[in-house]
Amino acid sequence: MSTQLKNKLIFERSREGRRGFRVPDIDVPARKPEEMVDKKYLRVHETALPEVSEVDVIRHYTRLSQKNYCVDLGFYPLGSCTMKYNPKINEVTAGLAGFAGLHPLQPQKTTQGILELMYDLTERLCEVTGMSWGTLQPFAGAHGEFTGMKFFKSYFKKQGDTGRTKVLVPDGAHGTNPASAHISGFEVVEVKSNEKGMVSVEDLKQHLDENLAGIMLTNPNTLGLYEEDIAEIAELVHDAGGLLYYDGANLNAIMGKSRPGDMGFDVVHLNLHKTFSTPHGGGGPGSGAVMVNKKLEPFLPAPTVRKKGSEYYLDHDIPDTMGRISGFYGNIAVLVRAYTYILTMGNDGLKRASELAVLNANYLKEKLKGRYFLPYDRVCKHEFVLSAQKMKDAYGVNGTDVAKALLEFGIHAPTVYFPLIVHEAMMFEPTETESRESLDNFIEVMHEIADLAEKDPDKLHEMPTSTPVRRVDQVQAAKHPVLRWQPE
Amino acid sequence: MSTQLKNKLIFERSREGRRGFRVPDIDVPARKPEEMVDKKYLRVHETALPEVSEVDVIRHYTRLSQKNYCVDLGFYPLGSCTMKYNPKINEVTAGLAGFAGLHPLQPQKTTQGILELMYDLTERLCEVTGMSWGTLQPFAGAHGEFTGMKFFKSYFKKQGDTGRTKVLVPDGAHGTNPASAHISGFEVVEVKSNEKGMVSVEDLKQHLDENLAGIMLTNPNTLGLYEEDIAEIAELVHDAGGLLYYDGANLNAIMGKSRPGDMGFDVVHLNLHKTFSTPHGGGGPGSGAVMVNKKLEPFLPAPTVRKKGSEYYLDHDIPDTMGRISGFYGNIAVLVRAYTYILTMGNDGLKRASELAVLNANYLKEKLKGRYFLPYDRVCKHEFVLSAQKMKDAYGVNGTDVAKALLEFGIHAPTVYFPLIVHEAMMFEPTETESRESLDNFIEVMHEIADLAEKDPDKLHEMPTSTPVRRVDQVQAAKHPVLRWQPE
Amino acid sequence: MFPYLPHTDKEIKAMLSDIGVDSIDELFADIPAKIRFKGELNLPKGQSELEVYTRLKRLAENNRQGVSFLGAGNYDHIIPSTVGALMGRTEFYTSYTPYQPEISQGVLQAIFEFQTLMCELTSLQVSNASLYDGHTAASEACALAVNSTRKTDTILYSSTIHPYTKQVLETYFEDLNIKLVELPEKAGVLDTDSVKDQLGDNVAGLLVQSPNIYGNLEDYTGLSDLLHEHKSLLIVSSNPMALGAIKSQGEWGADIAIGDTQPFGLPAYYGGPSVGYIAATEKLLRKMPGRIVGQSVDEDGKRAFVLTMQAREQHIKRERATSNICSNQALAALGNTIYLATVGKEGLKELAEQNMQKAHYLAEKLKKEAGVEMAADQPFFNEFTLALPKKAADIAEAMEADGIFAGVALNQLDASKPENLLTVAVTEKRTVEEMDRYVQSMKGALK
Amino acid sequence: MFPYLPHTDKEIKAMLSDIGVDSIDELFADIPAKIRFKGELNLPKGQSELEVYTRLKRLAENNRQGVSFLGAGNYDHIIPSTVGALMGRTEFYTSYTPYQPEISQGVLQAIFEFQTLMCELTSLQVSNASLYDGHTAASEACALAVNSTRKTDTILYSSTIHPYTKQVLETYFEDLNIKLVELPEKAGVLDTDSVKDQLGDNVAGLLVQSPNIYGNLEDYTGLSDLLHEHKSLLIVSSNPMALGAIKSQGEWGADIAIGDTQPFGLPAYYGGPSVGYIAATEKLLRKMPGRIVGQSVDEDGKRAFVLTMQAREQHIKRERATSNICSNQALAALGNTIYLATVGKEGLKELAEQNMQKAHYLAEKLKKEAGVEMAADQPFFNEFTLALPKKAADIAEAMEADGIFAGVALNQLDASKPENLLTVAVTEKRTVEEMDRYVQSMKGALK
Ligand SMILES: Cc1ncc(COP(=O)(O)O)c(C=O)c1O
Ligand SMILES: Cc1ncc(COP(=O)(O)O)c(C=O)c1O
């Protein structure tokens with residue numbers, strides 16, 4: 001049966017002696033490894049790598065690809081992830097051989113083009129965020145957060161202020177925030193949100209002591225709400241001797257409208273794989289570029305790109321640098337895409353993108369709040385959070401059920417169970433690249449799901465049924481971990 | 001509902017004023033058309049071209065693509081079509097900007113690379129076919145056939161032999177053969193096949209008169225059988241003053257094993273999109289390169305690629321040329337792929353490909369003939385023909401039913417109802433790039449279908465049920481033709 | 001070892017034994033010994049990807065490109081990134097002709113959209129799924145005219161059509177009993193007065209082209225009425241990019257519209273692949289050459305697309321067929337479809353206008369600053385012809401030294417044309433700087 | 001107009017009215033006036049694809065490439081055509097992290113295969129879904145060691161590991177209460193005698209690298225036993241391409257294997273993206289950083305893959321997490337997977353052997369013909385270090401004039417290294433002609 005062929009692992013397609021690749025004929029003496037190197041250094045066991053033809057490889061992964069949803073297939077309102085359309089021109093420019101073939105250690109006079117791009121991109125990201133300079137090295141958002149925390153560390157070290165060990169993180173923060181602060185050697189203290197879903201200034205004030213290193217915030221916050229008191233918060237933290245860190249995952253809401261630098265942040269990480277349209281690749285690679293203000297510039301990770309006259313170079317000579325945070329200079333291919341996007345959109349386009357992202361989110365919110373509970377009912381920015389708690393209480397239909405039902409309708413689920421401050425949270429981020437009819441289709445589906453919840457909840461519990469696999473047993477996966485294929 | 005979104009035409013996604021493409025700002029005076037050209041020359045009616053965003057375009061055609069089967073998804077035993085794997089390196093080389101950007105009329109000193117490729121490819125195709133020179137211009141097999149017929153015409157014209165108006169075509173020939181002879185101004189006479197499924201020499205002899213221009217054959221023929229008497233046929237035709245034309249659609253069976261030139265053919269067309277692995281693109285573009293022997297070389301279409309010293313050039317100076325058969329020089333991007341393939345395979349690989357194509361076909365044939373009727377039971381070459389006639393008589397299951405059942409099992413159907421000399425014909429061509437397990441899976445499915453034919457024929461009539469659409473009403477399509485979308 | 005040949009030795013042995021033979025050679029025993037090929041093909045052995053790529057890359061680099069003002073049927077237009085991204089979907093490019101509609105809706109629907117787009121652009125009612133190129137499309141159109149009109153044996157064509165089209169027509173019709181009669185030009189356009197003289201009941205149709213080979217727009221006012229009076233058909237060939245701005249074939253009253261869609265998202269690629277388009281009036285449908293996709297329903301009543309009207313085709317008609325085309329240029333037509341969807345209604349208009357604006361800018365600047373003359377004073381779209389004081393080929397060669405492909409010397413296409421005619425194409429891609437450089441270079445070359 | 005913004009003015013109006021506001025600005029009224037951004041960002045306006053492409057192309061062309069003998073963690077290997085073709089499938093590259101397994105089996109299964117491949121290569125039991133790069137993988141591995149061993153506060157590392165790895169470790173650990181202690185080298189490899197001196201119950205683990213920064217292979221016989229006696233872990237970093245020929249981490253008895261998979265089908269791309277791999281013994285599973293895919297079944301009992309063991313991750317653990325990694329390098333890991341599937345078991349062996357053969361050819365030829373010396377007499381894989389009579393950077397610069405990137409001057413990575421050390425990498429892509437040219441060029445540069 002053909003299904004049998006279709007559901008194999010690549011290892012299960014292996015046939016002894018089959019080949020999918022021809023190595024060029026060797027043009028130097030073909031000595032055996034043991035003639036070159038003492039046997040004790042050589043591999044003992046054969047690997048069970050697959051033995052397949054090129055045809056096998058292509059068919060296997062082409063079929064696999066068809067078992068995967070993606071932005072190019074439809075709406076992907078995964079909150080906090082900014083799954084906007086990834087423009088094709090970005091892929092074209094990222095594919096240019098003049099970039100792809102560069103070795104990170106080749107002489108800098110032979111890499112002026114890529115260095116100019118990095119310089120130019122840094123400058124533009126600074127303009128968007130209102131910061132002074134930055135680093136493009138962080139490989140993802142969390143890596144950017146770590147880098148941000150190292151700025152805090154380096155700054156206080158330079159100040160000789162060793163007592164500042166505490167970083168404040170709101171209760172609604174993304175998990176990476178506290179984790180990043182923690183692995184950087186900070187003690188994490190949670191700040192409560194108030195009834196409006198915003199950082200409680202009252203609670204914040206409790207923590208403003210001489211141990212305060214600073215605070216990590218995202219604004220709009222993870223409820224999609226703009227922190228009204230952000231200016232006051234910044235003042236309070238600064239006055240207490242602390243620093244402010246901005247998690248840029250939510251920047252898509254406010255480009256050209258409000259800049260973290262102007263809000264008072266000292267350091268900002270950006271997720272280029274969100275706001276700047278680089279594809280997420282099924283989990284990465286992304287880029288967590290970090291921008292800082294003048295105060296923190298001396299602590300940039302080494303090297304940083306600079307310009308002298310008309311020459312671009314990697315500056316390793318940063319006396320107060322926090323050190324090296326990655327092997328080379330970051331996910332360069334991602335940077336090329338982000339740069340392409342910024343050129344394409346320009347100042348007018350970036351601003352318009354934010355405006356329409358916010359328009360789309362508010363439109364959705366208004367159209368859904370009648371059927372789903374909206375815990376914080378006010379104007380939102382790029383995303384908003386609904387709760388399935390009432391539905392769960394009334395009909396036994398929870399956030400997961402709604403998510404899985406959406407899959408059945410051919411749409412990606414929202415982010416569920418985050419932020420933690422909302423029970424049965426469902427976080428929707430439509431992004432600006434969705435058209436009105438796409439939103440309307442989604443609204444219709446969501447209403448249909450709400451109808452089903454009332455009338456036929458069991459049908460929802462069954463869903464999805466038409467996806468490549470149905471609901472997957474996560475408990476078994478975790479309890480009896482099978483994490484690799486085993487040869488017989 | 002999302003399905004509603006998914007099944008639209010691009011026109012039905014249109015929204016007034018929506019844009020998917022930005023034209024660069026105009027950098028010369030932006031005059032209105034009517035300021036440049038008298039109004040009578042200008043378009044009167046607006047077009048109903050779609051108004052969609054880039055996102056719409058990408059999603060629309062990405063989803064459409066997923067409604068299409070292809071070689072990269074699985075087995076495609078479509079007889080006479082040689083649906084072998086299309087190597088990815090061919091796509092890489094065909095994508096080289098140094099080829100793609102060339103204008104056909106730019107100075108030849110600036111196109112030495114592509115001319116060398118064309119020259120080299122011609123040479124290699126001559127070696128494979130045993131011919132002397134050729135043209136790469138024909139856009140597809142049928143175009144090659146036309147070109148072949150023009151060689152006949154030109155040759156006899158040169159001989160002053162105007163009475164040779166008759167071209168013989170076997171009853172098993174592909175429809176393009178008689179059609180090509182006809183549109184070239186020949187009268188087509190059908191030659192019968194004998195009980196072995198081969199050209200009847202007896203019948204052939206009836207037609208060997210002074211009106212004979214020649215014969216069109218493919219060998220192995222459309223039953224996948226090597227014409228035993230080919231040498232005698234060639235002698236007879238030549239002795240009668242005729243020429244032999246070889247339809248190269250079936251060359252994949254015999255590379256390095258038997259050459260049309262050695263069989264006695266004067267002109268050969270090749271389907272580079274079959275034997276030489278260039279993808280078929282859902283119906284084209286292909287290439288129907290034509291090779292000829294010395295006798296016919298003077299009649300090549302103009303221009304032909306030649307070499308003088310180390311310089312390649314397009315020779316327009318062919319006194320006895322048949323003329324021009326296409327605007328420029330053929331489907332060059334297809335030629336790049338075919339050339340890449342020949343370099344990759346080499347003489348050893350091409351021969352091996354034919355050997356394994358024949359091995360695969362015979363293997364399938366032997367495994368299926370127990371359950372399906374094999375009208376000509378002998379060793380086959382690259383393909384073979386079964387008949388569903390007995391199944392139809394016994395259970396009401398015809399060739400179409402078998403074909404549609406295969407679709408249900410995720411496999412492409414064979415060619416059905418061709419050749420015309422076999423009732424309920426089903427023509428299978430596995431090609432060399434299918435692995436044994438792929439064949440075994442197919443055999444299993446075919447046996448299951450045979451079982452169903454006996455036990456539950458209605459189930460077969462229902463199939464397919466899980467494809468993007470089910471059986472399509474062809475009668476309605478032809479009776480009430482709807483050949484375009486209409487704006488409201 | 002060959003990466004595309006999956007068979008292991010063990011598998012081959014087992015398969016041979018299942019077949020009941022001892023060796024692969026036995027499977028070739030039916031080839032008579034006397035014509036069996038015994039040696040080895042005189043070709044190099046197979047090579048690795050790296051080696052092959054290195055060779056191809058070297059060949060690619062052994063071509064040179066310039067700032068291109070070359071046209072004459074092949075143009076340097078912007079190709080939106082969507083085109084490559086979507087044509088690169090393997091489901092499209094590694095499928096065969098959509099004979100099995102149930103698993104070919106992707107290709108079928110795209111072709112249906114292509115047909116619609118061609119109808120919209122040409123203002124005609126039916127289009128096929130594609131022909132090989134614009135030149136062979138002309139011969140198919142003429143054959144269609146002959147086959148749709150009774151007792152005709154003559155095709156008229158304007159001397160202003162592309163010379164290659166003429167040459168292709170000659171090849172296609174010289175062995176049939178069809179006369180090709182060329183009508184003269186006047187001031188760079190068809191001399192329409194000549195039509196009447198040649199018209200008669202034996203005339204199947206008249207083939208004209210606008211923009212013509214000089215780039216000039218022709219005025220077909222009254223032409224279709226005149227032809228129709230004689231039951232002859234009007235066939236108009238047009239650069240489809242021009243149709244974004246100029247009068248369409250249907251608007252001129254043409255019965256058949258043809259042309260070459262290379263400008264719609266296809267790379268120049270040394271001339272191919274492109275697509276020959278053909279659209280016609282409803283009446284001509286049953287004689288239309290090539291494949292056609294129609295809309296129908298499946299067993300569940302769902303909209304579905306399918307190859308239709310196949311009774312016209314050679315599979316069924318065989319020696320009675322009036323066209324032999326089988327494989328066409330489907331993937332390239334898909335490229336056109338994606339292109340047109342991307343640029344859209346307004347984009348095509350804008351692009352067409354920019355082509356016109358830029359060509360007019362350059363033409364005027366050349367007249368004013370380089371003092372050269374137009375070969376004729378006629379309206380044009382994105383291409384115009386200069387009558388130079390020297391051989392056009394020499395001027396082009398001189399300008400090539402400045403990195404500019406200055407245009408097509410028309411006598412290169414047709415030796416009977418004057419040597420001093422240079423046809424210059426200006427697309428939306430040419431910048432004002434490039435055009436100013438062109439003028440400087442031309443001035444230098446003329447000295 | 002922006003091709004990615006689908007909204008028409010009409011639609012915007014209708015949506016605003018549905019929301020109940022009059023303007024988009026109203027939706028931003030919650031931004032306090034004082035910090036609202038009022039001007040325009042000081043960036044150019046948006047541009048068309050052609051303009052953007054032209055700019056990017058110019059930047060790309062403003063880099064130069066040479067025949068590369070550069071390594072030090074990034075190598076010029078053959079990339080089979082399958083890798084690009086499949087990584088280019090939009091279903092893979094435009095999807096997010098596979099949080100919804102029902103519609104993410106493509107990515108999930110591929111990662112599961114990646115994990116298996118890493119286990120096979122390293123001879124260890126569990127692998128994660130990827131880390132950022134080989135250097136950050138080292139710091140994750142050290143953190144894993146610290147977190148899996150009781151009451152330890154020290155990480156030992158060999159002075160022969162990549163200097164950048166050391167620097168990254170310093171950044172990661174300097175603010176934690178973890179001591180980093182460097183162990184000395186002897187003749188270009190770790191002085192294994194020094195391990196004993198530093199070992200104690202406070203030591204979480206020892207990080208070593210083979211092939212090391214000089215390209216030398218190190219001998220870890222007995223090392224894991226020694227460490228395990230102190231309940232310390234052995235962490236071995238290896239170029240994974242070498243694992244096709246050299247003893248794997250598991251075979252040396254390592255507890256954790258790390259490295260960077262750039263050699264497996266990823267372009268050099270100025271250093272990124274690549275993938276940090278990490279594999280470990282079963283025992284360490286619950287502390288493993290990063291995402292992990294597990295096999296399970298769906299409701300119908302069908303095999304299915306899913307992100308698992310998420311209790312380890314920061315989404316749940318938050319400030320108690322021992323790693324913060326969230327997005328990883330999934331697409332690049334997919335590239336690795338396709339690469340390894342394509343080259344296969346025998347291909348990887350052959351490639352590894354050819355790397356070795358070619359590097360040995362060049363090294364011997366350099367010794368013999370250019371009279372240069374190896375920095376140490378040690379076995380090596382595809383990279384070796386020369387001790388030159390002049391500054392390595394100067395030699396490299398001189399050779400660059402011949403179009404050759406001669407190698408990495410080690411003091412460029414670590415100022416404390418002697419100035420005369422040049423590390424030369426030779427992959428299967430280097431031809432005998434290129435190597436012979438290298439020797440000639442070196443001879444010239446040394447004059
Ligand atoms: C608010 C927020 N912060 C940080 C991150 C971490 O980013 P990354 O996954 O790129 O490490 C995310 C990602 O989901 C996020 O949503
Ligand atoms: C035997 C044979 N001859 C000729 C042709 C025509 O080739 P093309 O479709 O390339 O015009 C075919 C194509 O199916 C064929 O099978």
# chains A, B, ... in the order shown; residues from 1 in each chain; ligands from 1

$ select_by_dssp --residues "stretch 45-288 of chain D" --states "strand (DSSP E or B)" --output "PyMOL selection string"
chain D and resi 45+67-68+104+126-127+131+154-158+179-183+185-186+189-190+203-209+216+233-237+246+256-260+276-280

$ residues_near_ligand --ligand "ligand 1" --cutoff "7 Å" --atoms "only C-alpha atoms and all ligand atoms" --output "ChimeraX atom specification"
/A:80-81,140-143,173-174,176-177,218,222,247,249-250,271,286-288 /D:325-327

$ write_last_selection --atoms "C-alpha atoms" --output "CSV table (one decimal), in the first residue's frame"
chain,number,residue,atom,x,y,z
A,80,SER,CA,3.6,36.5,20.0
A,81,CYS,CA,5.1,35.0,16.8
A,140,ALA,CA,17.4,34.4,18.3
A,141,GLY,CA,15.3,36.3,20.7
A,142,ALA,CA,16.4,34.5,23.8
A,143,HIS,CA,20.0,34.9,22.8
A,173,ALA,CA,6.4,37.8,30.5
A,174,HIS,CA,7.5,35.3,28.0
A,176,THR,CA,12.6,33.2,28.0
A,177,ASN,CA,12.7,36.5,29.9
A,218,THR,CA,7.8,44.1,26.3
A,222,THR,CA,1.9,40.0,26.0
A,247,ASP,CA,11.8,42.5,24.6
A,249,ALA,CA,9.0,40.4,20.1
A,250,ASN,CA,6.1,42.8,20.0
A,271,ASN,CA,13.2,39.4,16.6
A,286,GLY,CA,16.2,33.7,13.5
A,287,SER,CA,18.0,36.7,14.6
A,288,GLY,CA,17.8,38.5,18.0
D,325,ILE,CA,17.0,28.7,24.2
D,326,CYS,CA,13.7,28.9,22.4
D,327,SER,CA,14.0,29.4,18.6

$ residues_around --residues "C:Glu26" --least-positions-apart "5" --cutoff "12 Å" --atoms "only C-alpha atoms" --output "PDB file with all heavy atoms, in the first residue's frame"
ATOM      1  N   GLU B 355      19.533  -0.113 -19.289  1.00  0.00           N
ATOM      2  CA  GLU B 355      19.485  -1.481 -18.780  1.00  0.00           C
ATOM      3  C   GLU B 355      18.488  -1.611 -17.635  1.00  0.00           C
ATOM      4  O   GLU B 355      17.691  -2.560 -17.577  1.00  0.00           O
ATOM      5  CB  GLU B 355      20.878  -1.911 -18.305  1.00  0.00           C
ATOM      6  CG  GLU B 355      21.854  -2.103 -19.466  1.00  0.00           C
ATOM      7  CD  GLU B 355      23.264  -2.458 -19.013  1.00  0.00           C
ATOM      8  OE1 GLU B 355      23.587  -2.288 -17.814  1.00  0.00           O
ATOM      9  OE2 GLU B 355      24.057  -2.900 -19.869  1.00  0.00           O
ATOM     10  N   VAL B 358      14.824  -1.271 -18.630  1.00  0.00           N
ATOM     11  CA  VAL B 358      14.317  -2.506 -19.216  1.00  0.00           C
ATOM     12  C   VAL B 358      14.134  -3.569 -18.130  1.00  0.00           C
ATOM     13  O   VAL B 358      13.147  -4.318 -18.125  1.00  0.00           O
ATOM     14  CB  VAL B 358      15.268  -2.974 -20.340  1.00  0.00           C
ATOM     15  CG1 VAL B 358      14.917  -4.375 -20.800  1.00  0.00           C
ATOM     16  CG2 VAL B 358      15.215  -1.980 -21.500  1.00  0.00           C
ATOM     17  N   LEU B 359      15.062  -3.608 -17.211  1.00  0.00           N
ATOM     18  CA  LEU B 359      14.908  -4.539 -16.086  1.00  0.00           C
ATOM     19  C   LEU B 359      13.608  -4.243 -15.334  1.00  0.00           C
ATOM     20  O   LEU B 359      12.803  -5.149 -15.050  1.00  0.00           O
ATOM     21  CB  LEU B 359      16.105  -4.408 -15.131  1.00  0.00           C
ATOM     22  CG  LEU B 359      16.017  -5.252 -13.858  1.00  0.00           C
ATOM     23  CD1 LEU B 359      16.192  -6.739 -14.185  1.00  0.00           C
ATOM     24  CD2 LEU B 359      17.075  -4.819 -12.827  1.00  0.00           C
ATOM     25  N   ASN B 362      10.465  -5.278 -17.368  1.00  0.00           N
ATOM     26  CA  ASN B 362      10.242  -6.723 -17.431  1.00  0.00           C
ATOM     27  C   ASN B 362       9.818  -7.284 -16.076  1.00  0.00           C
ATOM     28  O   ASN B 362       8.995  -8.198 -15.994  1.00  0.00           O
ATOM     29  CB  ASN B 362      11.501  -7.435 -17.946  1.00  0.00           C
ATOM     30  CG  ASN B 362      11.583  -7.368 -19.458  1.00  0.00           C
ATOM     31  OD1 ASN B 362      10.879  -8.087 -20.163  1.00  0.00           O
ATOM     32  ND2 ASN B 362      12.415  -6.458 -19.969  1.00  0.00           N
ATOM     33  N   VAL B 379       9.741 -10.717 -24.155  1.00  0.00           N
ATOM     34  CA  VAL B 379      10.585  -9.774 -23.443  1.00  0.00           C
ATOM     35  C   VAL B 379      10.258  -8.371 -23.962  1.00  0.00           C
ATOM     36  O   VAL B 379      10.058  -8.159 -25.159  1.00  0.00           O
ATOM     37  CB  VAL B 379      12.087 -10.126 -23.623  1.00  0.00           C
ATOM     38  CG1 VAL B 379      12.540  -9.883 -25.063  1.00  0.00           C
ATOM     39  CG2 VAL B 379      12.958  -9.337 -22.662  1.00  0.00           C
ATOM     40  N   CYS B 380      10.124  -7.417 -23.039  1.00  0.00           N
ATOM     41  CA  CYS B 380       9.831  -6.056 -23.469  1.00  0.00           C
ATOM     42  C   CYS B 380      11.061  -5.190 -23.255  1.00  0.00           C
ATOM     43  O   CYS B 380      12.057  -5.627 -22.704  1.00  0.00           O
ATOM     44  CB  CYS B 380       8.631  -5.493 -22.703  1.00  0.00           C
ATOM     45  SG  CYS B 380       8.949  -5.222 -20.952  1.00  0.00           S
ATOM     46  N   LYS B 381      10.936  -3.988 -23.722  1.00  0.00           N
ATOM     47  CA  LYS B 381      12.034  -3.063 -23.452  1.00  0.00           C
ATOM     48  C   LYS B 381      11.649  -2.153 -22.270  1.00  0.00           C
ATOM     49  O   LYS B 381      11.483  -2.635 -21.186  1.00  0.00           O
ATOM     50  CB  LYS B 381      12.415  -2.260 -24.698  1.00  0.00           C
ATOM     51  CG  LYS B 381      12.957  -3.113 -25.849  1.00  0.00           C
ATOM     52  CD  LYS B 381      14.479  -3.358 -25.843  1.00  0.00           C
ATOM     53  CE  LYS B 381      14.969  -4.510 -24.989  1.00  0.00           C
ATOM     54  NZ  LYS B 381      14.371  -5.802 -25.217  1.00  0.00           N
TER      55      LYS B 381
ATOM     56  N   LEU C  16      16.148 -10.199 -11.552  1.00  0.00           N
ATOM     57  CA  LEU C  16      16.413 -11.061 -12.716  1.00  0.00           C
ATOM     58  C   LEU C  16      15.873 -12.458 -12.463  1.00  0.00           C
ATOM     59  O   LEU C  16      15.263 -13.083 -13.335  1.00  0.00           O
ATOM     60  CB  LEU C  16      17.927 -11.122 -12.996  1.00  0.00           C
ATOM     61  CG  LEU C  16      18.526  -9.850 -13.602  1.00  0.00           C
ATOM     62  CD1 LEU C  16      20.058  -9.938 -13.618  1.00  0.00           C
ATOM     63  CD2 LEU C  16      17.998  -9.596 -15.019  1.00  0.00           C
ATOM     64  N   SER C  17      16.089 -12.920 -11.254  1.00  0.00           N
ATOM     65  CA  SER C  17      15.636 -14.288 -10.978  1.00  0.00           C
ATOM     66  C   SER C  17      14.112 -14.352 -10.981  1.00  0.00           C
ATOM     67  O   SER C  17      13.522 -15.307 -11.474  1.00  0.00           O
ATOM     68  CB  SER C  17      16.290 -14.784  -9.679  1.00  0.00           C
ATOM     69  OG  SER C  17      15.322 -15.182  -8.765  1.00  0.00           O
ATOM     70  N   ILE C  19      12.260 -12.539 -12.866  1.00  0.00           N
ATOM     71  CA  ILE C  19      11.879 -12.497 -14.286  1.00  0.00           C
ATOM     72  C   ILE C  19      12.156 -13.847 -14.937  1.00  0.00           C
ATOM     73  O   ILE C  19      11.474 -14.247 -15.888  1.00  0.00           O
ATOM     74  CB  ILE C  19      12.663 -11.376 -15.020  1.00  0.00           C
ATOM     75  CG1 ILE C  19      12.270 -10.007 -14.469  1.00  0.00           C
ATOM     76  CG2 ILE C  19      12.454 -11.439 -16.527  1.00  0.00           C
ATOM     77  CD1 ILE C  19      13.162  -8.865 -14.943  1.00  0.00           C
ATOM     78  N   GLY C  20      13.177 -14.513 -14.408  1.00  0.00           N
ATOM     79  CA  GLY C  20      13.534 -15.814 -14.970  1.00  0.00           C
ATOM     80  C   GLY C  20      14.640 -15.739 -16.006  1.00  0.00           C
ATOM     81  O   GLY C  20      14.710 -16.564 -16.913  1.00  0.00           O
ATOM     82  N   VAL C  21      15.479 -14.754 -15.868  1.00  0.00           N
ATOM     83  CA  VAL C  21      16.650 -14.690 -16.746  1.00  0.00           C
ATOM     84  C   VAL C  21      17.898 -14.577 -15.871  1.00  0.00           C
ATOM     85  O   VAL C  21      17.809 -14.313 -14.665  1.00  0.00           O
ATOM     86  CB  VAL C  21      16.586 -13.478 -17.714  1.00  0.00           C
ATOM     87  CG1 VAL C  21      15.437 -13.646 -18.697  1.00  0.00           C
ATOM     88  CG2 VAL C  21      16.484 -12.180 -16.943  1.00  0.00           C
ATOM     89  N   ILE C  31      17.549  -7.751 -29.608  1.00  0.00           N
ATOM     90  CA  ILE C  31      18.147  -6.818 -30.579  1.00  0.00           C
ATOM     91  C   ILE C  31      19.030  -7.631 -31.526  1.00  0.00           C
ATOM     92  O   ILE C  31      19.975  -8.274 -31.079  1.00  0.00           O
ATOM     93  CB  ILE C  31      19.001  -5.736 -29.876  1.00  0.00           C
ATOM     94  CG1 ILE C  31      18.142  -4.969 -28.868  1.00  0.00           C
ATOM     95  CG2 ILE C  31      19.645  -4.812 -30.901  1.00  0.00           C
ATOM     96  CD1 ILE C  31      18.871  -3.860 -28.147  1.00  0.00           C
TER      97      ILE C  31
END

$ interface_residues --of "chain B" --to "chain A" --cutoff "10 Å" --atoms "only C-alpha atoms" --output "JSON, numbers by chain"
{"B": [1, 2, 3, 4, 5, 6, 13, 15, 18, 22, 52, 53, 54, 55, 56, 57, 58, 59, 60, 61, 62, 63, 64, 66, 70, 71, 72, 73, 74, 75, 84, 85, 86, 87, 88, 344, 406, 408, 409, 410, 411, 433, 434, 435, 437, 438, 440, 441, 442, 443, 444, 445, 446, 448]}

$ interface_residues --of "chain D" --to "chain C" --cutoff "10 Å" --atoms "only C-alpha atoms" --output "count of residues only"
17

$ residues_around --residues "D:Val426" --least-positions-apart "6" --cutoff "10 Å" --atoms "only C-alpha atoms" --output "JSON, numbers by chain"
{"D": [68, 69, 70, 71, 75, 76, 77, 354, 355, 356, 357, 358, 359, 360, 361, 362, 363, 381, 382, 383, 384, 407, 435]}
